[in-house]
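Trainee: What follows is data-v9.cif; its format and atoms are mmCIF, C-alpha atoms.
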```
data_structure
#
loop_
_atom_site.label_atom_id
_atom_site.label_comp_id
_atom_site.auth_asym_id
_atom_site.auth_seq_id
_atom_site.Cartn_x
_atom_site.Cartn_y
_atom_site.Cartn_z
CA MET A 95 -30.57 -77.74 -57.19
CA GLU A 96 -34.03 -76.32 -57.53
CA SER A 97 -35.91 -76.20 -54.33
CA VAL A 98 -39.13 -78.14 -54.21
CA LYS A 99 -42.08 -75.81 -53.48
CA THR A 100 -44.86 -77.06 -51.29
CA GLU A 101 -48.46 -76.95 -52.49
CA ASP A 102 -49.32 -73.99 -50.24
CA GLU A 103 -46.28 -72.01 -51.40
CA LYS A 104 -47.25 -72.65 -55.02
CA LEU A 105 -50.78 -71.53 -54.38
CA GLN A 106 -49.55 -68.39 -52.57
CA MET A 107 -47.16 -67.58 -55.42
CA PHE A 108 -49.91 -68.37 -57.97
CA PHE A 109 -52.32 -65.87 -56.47
CA ASP A 110 -49.51 -63.31 -56.13
CA GLY A 111 -48.61 -63.80 -59.80
CA GLU A 112 -45.06 -64.78 -58.99
CA LEU A 113 -44.96 -68.22 -60.66
CA ALA A 114 -43.38 -68.89 -63.94
CA PRO A 115 -45.94 -69.21 -66.81
CA GLU A 116 -45.54 -73.02 -67.03
CA GLU A 117 -46.00 -73.48 -63.30
CA GLU A 118 -48.90 -71.00 -63.24
CA ALA A 119 -50.64 -72.96 -66.01
CA ALA A 120 -50.02 -76.24 -64.17
CA VAL A 121 -51.44 -74.85 -60.89
CA ARG A 122 -54.45 -73.38 -62.70
CA ARG A 123 -55.18 -76.72 -64.39
CA SER A 124 -54.84 -78.51 -61.05
CA LEU A 125 -57.29 -76.12 -59.33
CA GLU A 126 -59.78 -76.21 -62.20
CA GLY A 127 -59.66 -80.01 -62.17
CA SER A 128 -61.41 -80.41 -58.79
CA PRO A 129 -64.51 -78.76 -57.21
CA GLU A 130 -62.55 -77.77 -54.03
CA GLY A 131 -59.87 -76.26 -56.22
CA MET A 132 -62.47 -74.30 -58.18
CA VAL A 133 -63.98 -72.96 -54.95
CA GLN A 134 -60.57 -72.03 -53.58
CA LEU A 135 -59.63 -70.37 -56.85
CA ARG A 136 -62.90 -68.39 -56.89
CA GLU A 137 -62.41 -67.26 -53.27
CA TRP A 138 -58.86 -66.11 -53.92
CA LYS A 139 -60.07 -64.18 -56.99
CA GLN A 140 -62.78 -62.49 -55.01
CA LEU A 141 -60.35 -61.55 -52.25
CA ARG A 142 -57.90 -60.21 -54.80
CA GLU A 143 -60.59 -58.09 -56.46
CA ALA A 144 -61.73 -56.76 -53.11
CA MET A 145 -58.20 -55.71 -52.19
CA LYS A 146 -57.70 -54.07 -55.56
CA ASN A 147 -60.94 -52.13 -55.22
CA ALA A 148 -60.13 -51.04 -51.67
CA SER A 149 -56.68 -49.85 -52.70
CA LYS A 150 -58.15 -47.99 -55.66
CA ASP A 151 -60.79 -46.33 -53.49
CA TRP A 152 -58.24 -45.24 -50.82
CA ALA A 153 -55.88 -43.92 -53.45
CA GLY A 154 -58.75 -42.06 -55.10
CA GLU A 155 -59.72 -40.27 -51.94
CA ILE A 156 -56.29 -38.65 -51.63
CA ASP A 157 -55.71 -35.62 -53.84
CA SER A 158 -51.97 -35.90 -54.03
CA ASP A 159 -51.65 -32.97 -56.41
CA ALA A 160 -53.52 -30.69 -54.08
CA LEU A 161 -51.48 -31.96 -51.13
CA PHE A 162 -48.14 -31.25 -52.80
CA ALA A 163 -49.36 -27.91 -54.07
CA ARG A 164 -50.30 -26.90 -50.54
CA ILE A 165 -46.92 -28.01 -49.18
CA GLU A 166 -45.11 -26.10 -51.88
CA SER A 167 -47.13 -22.99 -51.24
CA GLU A 168 -46.43 -23.13 -47.52
CA ILE A 169 -42.72 -23.66 -48.10
CA SER A 170 -42.41 -20.78 -50.55
CA ALA A 171 -44.62 -18.41 -48.56
CA PRO A 172 -42.72 -15.51 -46.85
CA VAL A 173 -42.09 -16.05 -43.17
CA ALA A 174 -44.22 -13.73 -41.10
CA PRO A 175 -42.19 -11.83 -38.53
CA ILE A 176 -42.68 -13.05 -35.00
CA GLU A 177 -44.07 -10.31 -32.91
CA GLN A 178 -41.66 -9.66 -30.05
CA PRO A 179 -42.82 -8.47 -26.67
CA ALA A 180 -42.02 -4.85 -25.98
CA LEU A 181 -38.64 -4.76 -24.28
CA ARG A 182 -36.52 -1.81 -23.08
CA VAL A 183 -32.90 -1.78 -24.11
CA VAL A 184 -30.75 -1.53 -21.04
CA PRO A 185 -27.15 -0.39 -21.66
CA GLY A 186 -25.85 -3.00 -19.34
CA SER A 187 -22.21 -2.79 -20.35
CA ARG A 188 -22.08 0.95 -19.79
CA GLU A 189 -23.88 0.58 -16.46
CA ARG A 190 -21.31 -1.94 -15.43
CA ARG A 191 -18.51 0.33 -16.59
CA VAL A 192 -19.87 3.29 -14.66
CA TRP A 193 -20.47 1.37 -11.48
CA GLY A 194 -17.18 -0.43 -11.93
CA GLY A 195 -15.44 2.94 -12.07
CA VAL A 196 -17.28 4.14 -9.00
CA ALA A 197 -16.39 0.97 -7.14
CA THR A 198 -12.77 1.29 -8.21
CA GLY A 199 -12.76 4.88 -7.04
CA PHE A 200 -14.19 3.94 -3.69
CA ALA A 201 -11.65 1.17 -3.37
CA ALA A 202 -8.83 3.57 -4.20
CA ALA A 203 -10.12 6.15 -1.72
CA ALA A 204 -10.47 3.49 0.94
CA ALA A 205 -6.96 2.23 0.21
CA ILE A 206 -5.54 5.74 0.53
CA PHE A 207 -7.49 6.28 3.74
CA LEU A 208 -6.32 3.01 5.25
CA ALA A 209 -2.74 3.62 4.15
CA VAL A 210 -2.77 7.03 5.79
CA MET A 211 -4.37 5.71 8.94
CA ALA A 212 -2.06 2.72 9.15
CA TRP A 213 1.07 4.69 8.29
CA PRO A 214 3.35 4.50 11.28
CA ALA A 215 3.60 8.00 12.59
CA GLU A 216 6.81 9.21 14.03
CA PRO A 217 6.84 8.36 17.68
CA THR A 218 5.87 11.32 19.77
CA ILE A 219 7.92 12.45 22.65
CA ASP A 220 5.26 11.26 25.06
CA SER A 221 4.89 7.87 23.40
CA VAL A 222 8.47 6.78 23.93
CA SER A 223 10.48 6.57 27.03
CA VAL A 224 12.31 9.86 27.16
CA ALA A 225 16.00 9.30 26.71
CA ARG A 226 18.14 11.19 29.18
CA GLY A 227 21.65 12.50 29.08
CA SER A 228 23.86 13.38 26.17
CA GLU A 229 26.19 11.48 23.90
CA VAL A 230 28.71 12.21 21.21
CA LEU A 231 27.77 11.23 17.69
CA GLU A 232 30.75 12.61 15.82
CA VAL A 233 33.80 14.61 16.69
CA ASP A 234 36.71 16.09 14.77
CA PHE A 235 39.58 17.05 17.05
CA GLY A 236 41.37 18.86 14.24
CA PRO A 237 45.11 19.28 14.91
CA ASN A 238 44.67 18.50 18.61
CA THR A 239 44.30 15.36 20.61
CA GLY A 240 41.23 14.70 22.61
CA THR A 241 39.29 12.27 24.71
CA ILE A 242 35.63 11.57 25.06
CA PHE A 243 34.33 10.92 28.56
CA GLU A 244 31.02 9.89 29.93
CA VAL A 245 30.18 11.47 33.24
CA GLU A 246 27.28 10.44 35.38
CA GLY A 247 24.86 13.21 36.11
CA GLY A 248 22.82 13.82 39.22
CA ALA A 249 19.98 11.59 38.05
CA GLY A 250 22.28 8.83 36.86
CA GLU A 251 22.16 10.01 33.27
CA SER A 252 25.28 9.81 31.15
CA LEU A 253 26.68 13.17 30.11
CA ALA A 254 29.16 13.63 27.29
CA VAL A 255 32.46 15.34 27.92
CA VAL A 256 34.85 16.15 25.08
CA TRP A 257 38.31 17.00 26.41
CA ILE A 258 40.72 18.63 23.99
CA ASP A 259 44.29 19.62 24.88
CA ASP A 260 45.60 22.77 23.31
CA GLU A 261 48.00 25.60 23.70
CA GLU A 262 46.61 28.65 25.34
CA VAL A 263 45.57 31.21 22.81
CA GLY A 264 45.60 34.88 23.47
CA LEU A 265 43.23 37.51 22.42
CA PRO A 266 43.85 38.64 18.84
CA MET B 134 -29.30 11.65 -18.26
CA SER B 135 -27.06 8.85 -17.22
CA LEU B 136 -24.39 11.29 -16.06
CA ILE B 137 -26.91 13.22 -14.02
CA ARG B 138 -28.09 10.00 -12.44
CA HIS B 139 -24.54 9.13 -11.42
CA LEU B 140 -23.60 12.58 -10.19
CA PRO B 141 -24.18 11.67 -6.50
CA ALA B 142 -21.84 8.72 -6.85
CA PHE B 143 -19.18 10.90 -8.42
CA ALA B 144 -19.66 13.48 -5.71
CA ILE B 145 -19.19 10.87 -3.00
CA LEU B 146 -16.11 9.59 -4.77
CA LEU B 147 -14.63 13.06 -4.99
CA ILE B 148 -15.42 13.75 -1.33
CA CYS B 149 -13.79 10.49 -0.25
CA SER B 150 -10.70 11.20 -2.32
CA ALA B 151 -10.47 14.75 -1.07
CA ALA B 152 -10.91 13.57 2.51
CA SER B 153 -8.15 11.01 2.10
CA VAL B 154 -5.78 13.54 0.59
CA ALA B 155 -6.66 16.08 3.25
CA LEU B 156 -6.09 13.50 5.96
CA ALA B 157 -2.74 12.59 4.47
CA GLN B 158 -1.76 16.22 4.24
CA SER B 159 -2.94 16.93 7.77
CA SER B 160 -0.92 13.98 9.00
CA SER B 161 2.19 15.32 7.35
CA LEU B 162 1.31 18.78 8.60
CA VAL B 163 1.14 17.46 12.13
CA ARG B 164 4.63 16.11 11.72
CA SER B 165 5.92 19.30 10.16
CA ASP B 166 4.12 21.34 12.82
CA ARG B 167 5.95 19.44 15.48
CA ALA B 168 9.21 20.21 13.73
CA ALA B 169 8.15 23.82 13.35
CA SER B 170 7.16 24.08 16.99
CA THR B 171 10.64 22.91 17.95
CA SER B 172 12.30 25.09 15.37
CA SER B 173 13.55 27.43 18.05
CA VAL B 174 14.84 26.03 21.30
CA PRO B 175 16.31 27.99 24.15
CA ALA B 176 19.78 26.98 25.22
CA GLU B 177 22.32 28.06 27.72
CA VAL B 178 26.08 28.03 27.52
CA LEU B 179 28.01 27.80 30.76
CA VAL B 180 31.59 29.06 30.59
CA VAL B 181 33.53 27.97 33.65
CA LEU B 182 37.13 28.61 34.57
CA ALA B 183 38.37 25.66 36.62
CA LYS B 184 41.66 25.53 38.45
CA GLU B 185 43.46 22.91 40.44
CA GLU B 186 44.33 25.41 43.12
CA PRO B 187 41.98 25.34 46.05
CA GLY B 188 39.37 28.01 45.89
CA GLU B 189 35.72 28.75 45.64
CA ILE B 190 33.25 26.76 43.67
CA ASP B 191 30.26 28.75 42.51
CA ALA B 192 27.10 27.74 44.32
CA GLN B 193 25.33 27.14 41.06
CA LEU B 194 28.02 24.67 40.05
CA LYS B 195 27.81 22.75 43.30
CA LYS B 196 24.45 21.45 42.19
CA MET B 197 26.02 19.92 39.12
CA THR B 198 27.27 16.61 40.42
CA ALA B 199 28.91 15.80 37.09
CA LEU B 200 31.50 18.51 37.74
CA ARG B 201 32.63 16.70 40.89
CA ARG B 202 33.37 13.50 39.03
CA PRO B 203 36.27 12.52 36.76
CA PRO B 204 37.73 14.15 34.77
CA PHE B 205 36.56 17.27 36.62
CA ASN B 206 37.35 16.15 40.14
CA ALA B 207 40.94 17.38 39.81
CA PHE B 208 39.77 20.96 40.00
CA ARG B 209 39.45 22.63 43.37
CA SER B 210 37.97 25.88 42.24
CA MET B 211 35.36 26.72 39.65
CA LYS B 212 34.12 30.08 38.63
CA ILE B 213 31.40 30.93 36.17
CA LEU B 214 32.80 33.43 33.69
CA SER B 215 29.67 33.80 31.61
CA GLN B 216 26.31 32.15 31.24
CA PRO B 217 24.80 33.40 28.02
CA LYS B 218 21.33 32.27 26.99
CA LEU B 219 20.52 31.96 23.35
CA THR B 220 18.02 30.47 20.98
CA LEU B 221 18.92 27.59 18.73
CA THR B 222 17.21 27.55 15.38
CA PRO B 223 17.68 24.74 12.87
CA GLY B 224 20.04 25.81 10.14
CA LYS B 225 21.11 28.96 11.92
CA ASP B 226 24.37 29.25 13.78
CA ALA B 227 24.32 30.72 17.24
CA LEU B 228 27.62 32.21 18.37
CA VAL B 229 28.93 32.62 21.88
CA SER B 230 32.24 34.37 22.50
CA LEU B 231 34.72 32.82 24.89
CA PRO B 232 37.16 34.84 26.97
CA ASN B 233 40.13 33.37 25.09
CA GLY B 234 38.97 34.84 21.80
CA ARG B 235 37.48 31.72 20.42
CA ARG B 236 33.81 31.40 19.64
CA VAL B 237 31.41 28.61 20.27
CA LYS B 238 29.20 27.99 17.27
CA LEU B 239 26.06 26.00 17.96
CA THR B 240 23.56 24.74 15.42
CA LEU B 241 20.40 22.81 16.14
CA LEU B 242 20.22 20.08 13.53
CA ARG B 243 16.98 18.36 14.44
CA VAL B 244 14.82 16.96 17.15
CA MET B 245 15.28 13.24 17.43
CA PRO B 246 12.27 10.89 17.60
CA ASP B 247 13.05 10.25 21.25
CA GLY B 248 12.83 13.96 21.95
CA ARG B 249 16.54 14.62 22.21
CA TYR B 250 18.17 17.43 20.34
CA LYS B 251 20.85 16.85 17.77
CA VAL B 252 23.27 19.73 17.99
CA LYS B 253 26.40 20.58 16.06
CA ALA B 254 29.09 22.51 17.85
CA ALA B 255 32.42 24.03 16.94
CA ILE B 256 34.92 26.06 18.96
CA ASN B 257 37.47 28.04 17.00
CA ARG B 258 38.98 31.42 16.59
CA PRO B 259 37.19 33.44 13.95
CA ASP B 260 37.83 32.05 10.48
CA LYS B 261 40.08 29.34 11.85
CA SER B 262 39.79 25.68 12.76
CA ASP B 263 42.31 25.68 15.53
CA TYR B 264 40.50 23.89 18.30
CA LEU B 265 37.33 21.94 17.70
CA PRO B 266 36.30 21.85 14.06
CA LEU B 267 33.29 19.63 14.53
CA LEU B 268 31.27 18.02 17.29
CA GLN B 269 27.86 16.47 16.95
CA VAL B 270 25.95 15.42 20.02
CA VAL B 271 22.46 14.45 20.99
CA ALA B 272 21.24 15.78 24.29
CA SER B 273 17.99 15.58 26.12
CA ALA B 274 16.34 18.70 27.38
CA GLY B 275 18.12 20.06 30.42
CA ASP B 276 21.05 17.64 30.26
CA PRO B 277 24.35 19.31 29.36
CA PHE B 278 27.29 18.22 27.30
CA PHE B 279 30.75 19.60 28.02
CA VAL B 280 33.74 20.66 26.00
CA ALA B 281 36.77 21.16 28.19
CA GLY B 282 40.53 21.49 27.85
CA GLN B 283 41.27 24.98 26.66
CA THR B 284 43.87 26.59 28.81
CA TYR B 285 43.10 30.08 30.03
CA GLN B 286 44.64 32.20 32.76
CA GLY B 287 46.31 29.29 34.45
CA GLY B 288 43.22 27.28 34.46
CA THR B 289 41.04 25.25 32.14
CA LEU B 290 37.89 26.37 30.43
CA ILE B 291 34.88 24.12 30.77
CA VAL B 292 32.12 24.92 28.33
CA GLY B 293 28.78 23.38 29.12
CA VAL B 294 25.88 23.53 26.69
CA ILE B 295 22.34 22.92 27.89
CA VAL B 296 19.44 22.78 25.50
CA ASP B 297 16.31 23.33 27.50
CA PRO B 298 12.96 24.55 26.21
CA LYS B 299 12.14 25.73 29.73
CA LYS B 300 14.93 28.21 29.71
CA THR B 301 14.29 31.62 28.28
CA ALA B 302 16.73 33.11 25.88
CA GLN B 303 18.08 36.53 26.72
#
```
How does this structure look as C-alpha cells?

Mentor:
Amino acid sequence: MESVKTEDEKLQMFFDGELAPEEEAAVRRSLEGSPEGMVQLREWKQLREAMKNASKDWAGEIDSDALFARIESEISAPVAPIEQPALRVVPGSRERRVWGGVATGFAAAAAIFLAVMAWPAEPTIDSVSVARGSEVLEVDFGPNTGTIFEVEGGAGESLAVVWIDDEEVGLP
Amino acid sequence: MSLIRHLPAFAILLICSAASVALAQSSSLVRSDRAASTSSVPAEVLVVLAKEEPGEIDAQLKKMTALRRPPFNAFRSMKILSQPKLTLTPGKDALVSLPNGRRVKLTLLRVMPDGRYKVKAAINRPDKSDYLPLLQVVASAGDPFFVAGQTYQGGTLIVGVIVDPKKTAQ
C-alpha cells in the first residue's frame, strides 16, 4: 500500500526534485494557486539558486588538477637521504670477545690458584701426632714357622718382634 | 691497535697463569723435597746373642726394657755381637752380615705421612731364601723392630733394627 505523504514531505521532495512528474505538477499547481504558495515557491527557488551558486563558487576556487599534479609529483619525487649524525663504529662484538677471553683467563688462573691453595697437602710430620713404635705390615716366613709378638718398649710404645724357628746354619 | 691496547691484559693473564703453575710446581717440589730430604736415613742393626744360661747382659742392652719382656725374658745372658751403622736409601739394599753366614737385607721403602719409616727386611744366606724371605714393617724414628729365632752357638740371635735420623752411619 502506498504511503500517504504529508504536505511538508511533498514540498520537501518537490524542492529536492524527487517527486514523480505527476505529483510534481500537482504540487506546482497547488503552490501557484495561492499567494502564500507563490511566496513559498519563490523563496525556495531563491534558496536553491543561492546554494547552487555557493557550491559552484567553492568548487571553482579549488584547482583540483593542480592539487593532484602536486600530489603526484611529491609521490614520484626521489626520497632525499636523511642526513645521519656522525657516529663512530664500535666493534662491540670483538670487544666483548676480547674481554670475555681475558675474563675467562682470569677465572681459569684463579681456579688453578685456588685449587692449588686448597689442595690438601700431605700432612707434615709436625702436623700429626707422631706415631711411636713399630709394627709388622707383611711377613713371609718361607719354609719356617714363626710368630709375631708385640713388646712394650720403655715409653709404652709397641715394638714388633718376628720370631722364626730354624735349624742352625753353619758358615758356608 | 686493538691488540696493543689489550697487551697489558694479556700480560696480566700470562703472569697469573705462570704464577699459578709455579705455585703448583713449588707445592709439588716441597713434597718431593721432603721425600728427597729423607732419601737417606741412618739406621743401626743390633746383633745380639742371647742364651738361657745365666750370664752377663751388656749394659747397653739393660736400657732396652723390651728385651726384658716376653718373649725375651727367658734369656739370662745377652751379648752384643755387632752393632753396624748404615744408611738406608730408598730403592737401595743395605746389607749386614750375621755371624751365622746369613745376611740382613734392609731397604727403605718410604716415609709414611705420620713420619714413620716403611722398611723391607730379609734375612737369608746369599742367593737363598732359607730363613726370612720377606718382612715389611713401619717403625718410628728410634724405635726398633726385632727378628729373633736363629740358633747360633747354643744361643739365639736377636737382630734389632733401629731407623734413626739422629744416628750417624759409619

Trainee: Taking the file as shown, find all residues satisfying the PyMOL selection byres ((chain A and resi 117-128) around 12) and write them as a ChimeraX atom specification.

Mentor: /A:99-116,129-138

Trainee: Go ahead and compute the interatomic distance for atom CA of B:Lys238 and atom CA of B:Leu267, in Å to one decimal.

Mentor: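 Atom CA of B:Leu267 lies at a distance of 9.7 Å from atom CA of B:Lys238.
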
Trainee: One number please: atom CA of B:Ala199 to atom CA of A:Gly247, in Å, one decimal.

Mentor: 4.9 Å

Trainee: Using only C-alpha atoms for the distances, tell me which of B:Arg243, B:Lys195, B:Lys300, B:Arg202 is nearest to chain A.

Mentor: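 That would be B:Arg202, the residue with the smallest distance to chain A.
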
Trainee: In Å, with one decimal, what is the gap from atom CA of B:Glu185 to atom CA of B:Leu265?

Mentor: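 A separation of 23.6 Å between them.
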
Trainee: Can you spell out as a PyMOL selection string the set of residues that the PyMOL selection byres ((chain A and resi 229) around 8) selects in the structure I just provided?

Mentor: (chain A and resi 227-228+230-231+244+252-254) or (chain B and resi 270-272+278)

Trainee: Between B:Asp260, B:Glu177, B:Asp297, B:Asp247, which one has atoms that come closest to chain A, using all atoms listed in the file?

Mentor: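 Closest to chain A, using all atoms listed in the file: B:Asp247.
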
Trainee: Ranking B:Pro187, B:Pro217, B:Pro266, B:Gly224 by minimum distance to chain A and counting only C-alpha atoms, which one comes first?

Mentor: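 Checking each of B:Pro187, B:Pro217, B:Pro266, B:Gly224 against chain A, counting only C-alpha atoms, the winner is B:Pro266.
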
Trainee: Given the point (24.2, 19.8, 12.6) in the coordinates of this file, which residues lie within 12 Å, counting only C-alpha atoms, and how would they look as a list in words?

Mentor: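 So the residues meeting the distance criterion are Leu231, Glu232 and Val233 of chain A; Leu221, Thr222, Pro223, Gly224, Lys225, Asp226, Ala227, Lys238, Leu239, Thr240, Leu241, Leu242, Arg243, Val244, Tyr250, Lys251, Val252, Lys253, Ala254, Ala255, Leu267, Leu268, Gln269, Val270 and Val271 of chain B.
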
Trainee: Please provide the set of residues having any atom within 10 Å of B:Leu194, restricted to only C-alpha atoms, with same-chain residues fewer than 6 positions apart removed, written as an MDAnalysis selection string.

Mentor: chainID B and resid 179 181 200:201 211:213

Trainee: Given the file above and the PyMOL selection byres ((chain B and resi 298) around 8), which residues are selected, and can you give them as an NGL selection string?

Mentor: :B and (174-176 or 274 or 296-297 or 299-301)

Trainee: Taking all atoms listed in the file into account, which of B:Ser172, B:Asp263, B:Phe205, B:Asn233 comes nearest B:Thr220?

Mentor: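 So, comparing all the options, the nearest one is B:Ser172.
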
Trainee: I need the residue nearest chain A from this list: B:Gly293, B:Gly188, B:Pro259, B:Gly248. Use all atoms listed in the file for the distance.

Mentor: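 With all atoms listed in the file as the atom set, the closest residue is B:Gly248.
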
Trainee: Ranking B:Pro204, B:Pro277, B:Pro232, B:Gly282 by minimum distance to B:Val294 and counting only C-alpha atoms, which one comes first?

Mentor: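 Closest to B:Val294 of all the choices is B:Pro277.
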
Trainee: In the coordinate frame of the file, compute which residues have an atom within 9 Å of (27.9, 34.8, 23.2) when using only C-alpha atoms, and state them as a list in words.

Mentor: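 Residues satisfying the cut-off, written out: Val178, Ser215, Gln216, Pro217, Lys218, Leu219, Ala227, Leu228, Val229, Ser230, Leu231, Arg236 and Val237 of chain B.
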